Number of protein chains: 2
Amino acid sequence: MTRTTPATAKGEATRAFLLKTAARVFAERGYAGTGLSDLIAASGLTKGAFYFYFPSKSALALAVLHDQQQRWLRRVGERVLAAGGAIEQFRALAPAMLELLATEPEAWSITRLTIELAADPATADAVVKPMAEWVELVADIIRRGQADGDLRPGPDPHAVAVVLVAAFDGLKTLTDVLNPDAEGSEIFARRAAVLLDLVEHGLLGG
Amino acid sequence: MTRTTPATAKGEATRAFLLKTAARVFAERGYAGTGLSDLIAASGLTKGAFYFYFPSKSALALAVLHDQQQRWLRRVGERVLAAGGAIEQFRALAPAMLELLATEPEAWSITRLTIELAADPATADAVVKPMAEWVELVADIIRRGQADGDLRPGPDPHAVAVVLVAAFDGLKTLTDVLNPDAEGSEIFARRAAVLLDLVEHGLLGG
């Protein structure tokens, strides 16, 4: 026991370090542009030690994706669901996402990794699940808002949720293109508020 | 004269063929995952003939982007601006984009190419302009709708336009991830209608 526990803790720390390093390399070079040798070099480990943790580039990329999405889903879910009624929860979505973005600015490159992994049939299935979970988080809020009579009953909750998750991702991507400068994240925050405000009006309006 | 004209016409046809071929290769493998040798092989030209048209991978990628964006902007712009008042023009946006997508289903992979070229400082500037033109097309419609009193004056036209362009792109990307199957384009059309309806409600609502 006294020997395995520290070894496992060290293993966990190494794994976490590898995920963080790989996330940065994928963000810089894209999935297709990254070789397994780049990842090994960035890790500072020997080839053998590296393979002990991840047997392939796609295994590491999927682990990066899975790790970040689960962590983000949990944090945003906890924060949003604590916000009271459905409309308050809906309004809490943007601040929760923006806070996340502020603490891990590089993490959004996960969107690009998602797109690349989705394009490959070998990894596509593993990518769908976390995106579907984001959609469900939002759809649930809208569903409850409609059930409580706070939101108009017309729009399909699942379709609106897909639109909102997609719009948020797309807005981050486009803002990165149009405003790659230091003010980009502030501009993104303003635009995200416009998006949520429009959709809220759209869900309330008769 | 009689000798240069056919030669130029043939040159134009070859250039158009190279752009189309390259668009397909970039769509399949991504920008980073495509080598100049892949592009030359797909073109069926000799290396020398290929270099006569495009001296580098980035020159070809930017030409693909520029060509598609200009063509799409012109087609959507013409169709939308013919639609009468500002609200009718706003409502014509989704059908115009969907028609475009139906005629050139593979062309949306331009979004992925845009993201990759935007990430590279050497090509970033050339990518911003066409995206900014899409935003201006939409912002103009909203601006006129507000000036005519058809849309509520609150929302900033430019910010709403960025949100809408981004949401449309993001929705295509996410639908490709969630629904890579044959029904994907029909599902996208339904979701795009939900997006436009929500935003229209948001722009009309008090």
# chains A, B, ... in the order shown; residues from 1 in each chain; ligands from 1

$ interface_residues --of "chain B" --to "chain A" --cutoff "8 Å" --atoms "only C-alpha atoms" --output "PDB file with N, CA, C and O atoms, in the first residue's frame"
ATOM      1  N   ARG B  29      -8.048  16.378 -46.033  1.00  0.00           N
ATOM      2  CA  ARG B  29      -6.864  16.170 -45.193  1.00  0.00           C
ATOM      3  C   ARG B  29      -6.540  17.347 -44.291  1.00  0.00           C
ATOM      4  O   ARG B  29      -5.618  17.249 -43.465  1.00  0.00           O
ATOM      5  N   GLY B  30      -7.272  18.447 -44.436  1.00  0.00           N
ATOM      6  CA  GLY B  30      -6.927  19.652 -43.675  1.00  0.00           C
ATOM      7  C   GLY B  30      -5.716  20.337 -44.297  1.00  0.00           C
ATOM      8  O   GLY B  30      -4.996  19.730 -45.106  1.00  0.00           O
ATOM      9  N   ALA B  32      -2.897  21.599 -42.723  1.00  0.00           N
ATOM     10  CA  ALA B  32      -1.634  21.100 -42.176  1.00  0.00           C
ATOM     11  C   ALA B  32      -1.328  19.687 -42.668  1.00  0.00           C
ATOM     12  O   ALA B  32      -0.169  19.330 -42.873  1.00  0.00           O
ATOM     13  N   GLY B  33      -2.382  18.888 -42.876  1.00  0.00           N
ATOM     14  CA  GLY B  33      -2.188  17.507 -43.284  1.00  0.00           C
ATOM     15  C   GLY B  33      -1.940  17.325 -44.782  1.00  0.00           C
ATOM     16  O   GLY B  33      -1.738  16.205 -45.239  1.00  0.00           O
ATOM     17  N   ILE B 115     -10.113  28.524 -40.651  1.00  0.00           N
ATOM     18  CA  ILE B 115      -9.593  28.447 -39.285  1.00  0.00           C
ATOM     19  C   ILE B 115      -8.096  28.149 -39.308  1.00  0.00           C
ATOM     20  O   ILE B 115      -7.309  28.768 -38.594  1.00  0.00           O
ATOM     21  N   ALA B 118      -6.136  31.137 -40.623  1.00  0.00           N
ATOM     22  CA  ALA B 118      -6.180  32.252 -39.671  1.00  0.00           C
ATOM     23  C   ALA B 118      -5.187  32.045 -38.536  1.00  0.00           C
ATOM     24  O   ALA B 118      -4.698  33.000 -37.942  1.00  0.00           O
ATOM     25  N   ALA B 119      -4.893  30.766 -38.226  1.00  0.00           N
ATOM     26  CA  ALA B 119      -3.988  30.461 -37.115  1.00  0.00           C
ATOM     27  C   ALA B 119      -2.528  30.752 -37.475  1.00  0.00           C
ATOM     28  O   ALA B 119      -1.676  30.850 -36.599  1.00  0.00           O
ATOM     29  N   ALA B 124      -2.953  34.997 -42.029  1.00  0.00           N
ATOM     30  CA  ALA B 124      -4.116  35.451 -41.250  1.00  0.00           C
ATOM     31  C   ALA B 124      -4.812  36.665 -41.880  1.00  0.00           C
ATOM     32  O   ALA B 124      -6.037  36.680 -42.011  1.00  0.00           O
ATOM     33  N   VAL B 127      -7.253  36.208 -44.665  1.00  0.00           N
ATOM     34  CA  VAL B 127      -8.446  35.446 -44.315  1.00  0.00           C
ATOM     35  C   VAL B 127      -9.523  36.343 -43.705  1.00  0.00           C
ATOM     36  O   VAL B 127     -10.724  36.091 -43.832  1.00  0.00           O
ATOM     37  N   VAL B 128      -9.056  37.403 -43.036  1.00  0.00           N
ATOM     38  CA  VAL B 128      -9.991  38.269 -42.317  1.00  0.00           C
ATOM     39  C   VAL B 128     -10.958  38.961 -43.278  1.00  0.00           C
ATOM     40  O   VAL B 128     -12.152  39.076 -43.008  1.00  0.00           O
ATOM     41  N   MET B 131     -14.266  37.197 -44.387  1.00  0.00           N
ATOM     42  CA  MET B 131     -15.167  37.026 -43.252  1.00  0.00           C
ATOM     43  C   MET B 131     -15.804  38.365 -42.899  1.00  0.00           C
ATOM     44  O   MET B 131     -16.997  38.446 -42.612  1.00  0.00           O
ATOM     45  N   ALA B 132     -14.990  39.432 -42.942  1.00  0.00           N
ATOM     46  CA  ALA B 132     -15.503  40.769 -42.635  1.00  0.00           C
ATOM     47  C   ALA B 132     -16.549  41.190 -43.672  1.00  0.00           C
ATOM     48  O   ALA B 132     -17.511  41.893 -43.340  1.00  0.00           O
ATOM     49  N   PRO B 155     -30.107  46.308 -30.385  1.00  0.00           N
ATOM     50  CA  PRO B 155     -28.895  45.517 -30.684  1.00  0.00           C
ATOM     51  C   PRO B 155     -27.973  46.193 -31.699  1.00  0.00           C
ATOM     52  O   PRO B 155     -28.445  46.769 -32.672  1.00  0.00           O
ATOM     53  N   ALA B 159     -22.420  43.726 -34.221  1.00  0.00           N
ATOM     54  CA  ALA B 159     -22.283  42.608 -33.272  1.00  0.00           C
ATOM     55  C   ALA B 159     -23.267  41.488 -33.616  1.00  0.00           C
ATOM     56  O   ALA B 159     -22.900  40.303 -33.608  1.00  0.00           O
ATOM     57  N   VAL B 160     -24.505  41.855 -33.934  1.00  0.00           N
ATOM     58  CA  VAL B 160     -25.497  40.838 -34.296  1.00  0.00           C
ATOM     59  C   VAL B 160     -25.060  40.094 -35.558  1.00  0.00           C
ATOM     60  O   VAL B 160     -25.196  38.872 -35.656  1.00  0.00           O
ATOM     61  N   VAL B 162     -21.969  39.617 -36.674  1.00  0.00           N
ATOM     62  CA  VAL B 162     -20.879  38.690 -36.332  1.00  0.00           C
ATOM     63  C   VAL B 162     -21.466  37.432 -35.695  1.00  0.00           C
ATOM     64  O   VAL B 162     -21.102  36.305 -36.057  1.00  0.00           O
ATOM     65  N   VAL B 163     -22.389  37.630 -34.764  1.00  0.00           N
ATOM     66  CA  VAL B 163     -23.009  36.497 -34.075  1.00  0.00           C
ATOM     67  C   VAL B 163     -23.708  35.577 -35.072  1.00  0.00           C
ATOM     68  O   VAL B 163     -23.581  34.353 -35.016  1.00  0.00           O
ATOM     69  N   LEU B 164     -24.417  36.172 -36.026  1.00  0.00           N
ATOM     70  CA  LEU B 164     -25.188  35.370 -36.966  1.00  0.00           C
ATOM     71  C   LEU B 164     -24.285  34.601 -37.934  1.00  0.00           C
ATOM     72  O   LEU B 164     -24.502  33.405 -38.181  1.00  0.00           O
ATOM     73  N   ALA B 166     -21.203  33.772 -37.415  1.00  0.00           N
ATOM     74  CA  ALA B 166     -20.485  32.786 -36.609  1.00  0.00           C
ATOM     75  C   ALA B 166     -21.384  31.611 -36.243  1.00  0.00           C
ATOM     76  O   ALA B 166     -20.970  30.446 -36.289  1.00  0.00           O
ATOM     77  N   ALA B 167     -22.634  31.917 -35.895  1.00  0.00           N
ATOM     78  CA  ALA B 167     -23.566  30.871 -35.487  1.00  0.00           C
ATOM     79  C   ALA B 167     -23.850  29.934 -36.659  1.00  0.00           C
ATOM     80  O   ALA B 167     -23.939  28.716 -36.496  1.00  0.00           O
ATOM     81  N   PHE B 168     -23.980  30.511 -37.828  1.00  0.00           N
ATOM     82  CA  PHE B 168     -24.254  29.707 -39.023  1.00  0.00           C
ATOM     83  C   PHE B 168     -23.090  28.762 -39.307  1.00  0.00           C
ATOM     84  O   PHE B 168     -23.287  27.564 -39.518  1.00  0.00           O
ATOM     85  N   ASP B 169     -21.884  29.299 -39.272  1.00  0.00           N
ATOM     86  CA  ASP B 169     -20.678  28.477 -39.457  1.00  0.00           C
ATOM     87  C   ASP B 169     -20.580  27.404 -38.380  1.00  0.00           C
ATOM     88  O   ASP B 169     -20.308  26.239 -38.659  1.00  0.00           O
ATOM     89  N   GLY B 170     -20.779  27.815 -37.132  1.00  0.00           N
ATOM     90  CA  GLY B 170     -20.671  26.891 -36.007  1.00  0.00           C
ATOM     91  C   GLY B 170     -21.704  25.780 -36.098  1.00  0.00           C
ATOM     92  O   GLY B 170     -21.427  24.620 -35.772  1.00  0.00           O
ATOM     93  N   LEU B 171     -22.904  26.142 -36.581  1.00  0.00           N
ATOM     94  CA  LEU B 171     -23.976  25.169 -36.696  1.00  0.00           C
ATOM     95  C   LEU B 171     -23.645  24.126 -37.765  1.00  0.00           C
ATOM     96  O   LEU B 171     -23.908  22.932 -37.588  1.00  0.00           O
ATOM     97  N   THR B 173     -20.619  23.266 -38.632  1.00  0.00           N
ATOM     98  CA  THR B 173     -19.529  22.467 -38.077  1.00  0.00           C
ATOM     99  C   THR B 173     -20.062  21.425 -37.090  1.00  0.00           C
ATOM    100  O   THR B 173     -19.716  20.241 -37.171  1.00  0.00           O
ATOM    101  N   LEU B 174     -20.916  21.874 -36.160  1.00  0.00           N
ATOM    102  CA  LEU B 174     -21.425  20.950 -35.139  1.00  0.00           C
ATOM    103  C   LEU B 174     -22.335  19.889 -35.759  1.00  0.00           C
ATOM    104  O   LEU B 174     -22.301  18.718 -35.355  1.00  0.00           O
ATOM    105  N   VAL B 177     -20.386  17.184 -37.099  1.00  0.00           N
ATOM    106  CA  VAL B 177     -19.884  16.300 -36.042  1.00  0.00           C
ATOM    107  C   VAL B 177     -20.991  15.359 -35.551  1.00  0.00           C
ATOM    108  O   VAL B 177     -20.802  14.155 -35.458  1.00  0.00           O
ATOM    109  N   LEU B 178     -22.159  15.937 -35.245  1.00  0.00           N
ATOM    110  CA  LEU B 178     -23.240  15.150 -34.644  1.00  0.00           C
ATOM    111  C   LEU B 178     -23.967  14.278 -35.663  1.00  0.00           C
ATOM    112  O   LEU B 178     -24.470  13.209 -35.321  1.00  0.00           O
ATOM    113  N   ARG B 191     -32.176  23.196 -38.504  1.00  0.00           N
ATOM    114  CA  ARG B 191     -31.546  23.943 -37.411  1.00  0.00           C
ATOM    115  C   ARG B 191     -31.258  25.380 -37.824  1.00  0.00           C
ATOM    116  O   ARG B 191     -31.369  26.304 -37.023  1.00  0.00           O
ATOM    117  N   ALA B 192     -30.850  25.563 -39.087  1.00  0.00           N
ATOM    118  CA  ALA B 192     -30.588  26.921 -39.582  1.00  0.00           C
ATOM    119  C   ALA B 192     -31.868  27.746 -39.520  1.00  0.00           C
ATOM    120  O   ALA B 192     -31.831  28.941 -39.172  1.00  0.00           O
ATOM    121  N   VAL B 194     -34.271  27.309 -37.349  1.00  0.00           N
ATOM    122  CA  VAL B 194     -34.465  27.619 -35.922  1.00  0.00           C
ATOM    123  C   VAL B 194     -33.590  28.815 -35.528  1.00  0.00           C
ATOM    124  O   VAL B 194     -34.053  29.751 -34.852  1.00  0.00           O
ATOM    125  N   LEU B 195     -32.344  28.805 -35.973  1.00  0.00           N
ATOM    126  CA  LEU B 195     -31.423  29.907 -35.662  1.00  0.00           C
ATOM    127  C   LEU B 195     -31.958  31.240 -36.182  1.00  0.00           C
ATOM    128  O   LEU B 195     -32.050  32.223 -35.429  1.00  0.00           O
ATOM    129  N   ASP B 197     -34.962  32.013 -37.046  1.00  0.00           N
ATOM    130  CA  ASP B 197     -36.226  32.358 -36.405  1.00  0.00           C
ATOM    131  C   ASP B 197     -35.973  32.958 -35.018  1.00  0.00           C
ATOM    132  O   ASP B 197     -36.586  33.964 -34.640  1.00  0.00           O
ATOM    133  N   LEU B 198     -35.062  32.351 -34.267  1.00  0.00           N
ATOM    134  CA  LEU B 198     -34.732  32.868 -32.935  1.00  0.00           C
ATOM    135  C   LEU B 198     -34.181  34.280 -33.032  1.00  0.00           C
ATOM    136  O   LEU B 198     -34.583  35.169 -32.279  1.00  0.00           O
ATOM    137  N   VAL B 199     -33.235  34.475 -33.961  1.00  0.00           N
ATOM    138  CA  VAL B 199     -32.605  35.790 -34.078  1.00  0.00           C
ATOM    139  C   VAL B 199     -33.620  36.820 -34.568  1.00  0.00           C
ATOM    140  O   VAL B 199     -33.663  37.948 -34.082  1.00  0.00           O
ATOM    141  N   GLU B 200     -34.489  36.417 -35.494  1.00  0.00           N
ATOM    142  CA  GLU B 200     -35.520  37.347 -35.961  1.00  0.00           C
ATOM    143  C   GLU B 200     -36.428  37.750 -34.790  1.00  0.00           C
ATOM    144  O   GLU B 200     -36.701  38.930 -34.594  1.00  0.00           O
ATOM    145  N   HIS B 201     -36.865  36.766 -34.017  1.00  0.00           N
ATOM    146  CA  HIS B 201     -37.652  37.065 -32.816  1.00  0.00           C
ATOM    147  C   HIS B 201     -36.887  38.013 -31.892  1.00  0.00           C
ATOM    148  O   HIS B 201     -37.447  38.934 -31.335  1.00  0.00           O
ATOM    149  N   GLY B 202     -35.594  37.732 -31.749  1.00  0.00           N
ATOM    150  CA  GLY B 202     -34.770  38.555 -30.872  1.00  0.00           C
ATOM    151  C   GLY B 202     -34.619  39.979 -31.374  1.00  0.00           C
ATOM    152  O   GLY B 202     -34.498  40.918 -30.586  1.00  0.00           O
ATOM    153  N   LEU B 203     -34.630  40.148 -32.696  1.00  0.00           N
ATOM    154  CA  LEU B 203     -34.482  41.496 -33.279  1.00  0.00           C
ATOM    155  C   LEU B 203     -35.805  42.245 -33.307  1.00  0.00           C
ATOM    156  O   LEU B 203     -35.837  43.476 -33.310  1.00  0.00           O
ATOM    157  N   GLY B 205     -38.521  41.488 -31.036  1.00  0.00           N
ATOM    158  CA  GLY B 205     -39.095  41.563 -29.692  1.00  0.00           C
ATOM    159  C   GLY B 205     -38.726  42.849 -28.980  1.00  0.00           C
ATOM    160  O   GLY B 205     -37.657  43.404 -29.204  1.00  0.00           O
TER     161      GLY B 205
END

$ residues_around --residues "stretch 42-58 of chain B" --least-positions-apart "4" --cutoff "9 Å" --atoms "only C-alpha atoms" --output "PyMOL selection string"
chain B and resi 11+14-15+17-18+21-22+25+31+34-38+62-63+117+122-123

$ select_by_dssp --residues "stretch 11-174 of chain A" --states "alpha helix (DSSP H)" --output "ChimeraX atom specification"
/A:11-29,36-43,47-53,57-81,86-103,110-118,121-147,157-174
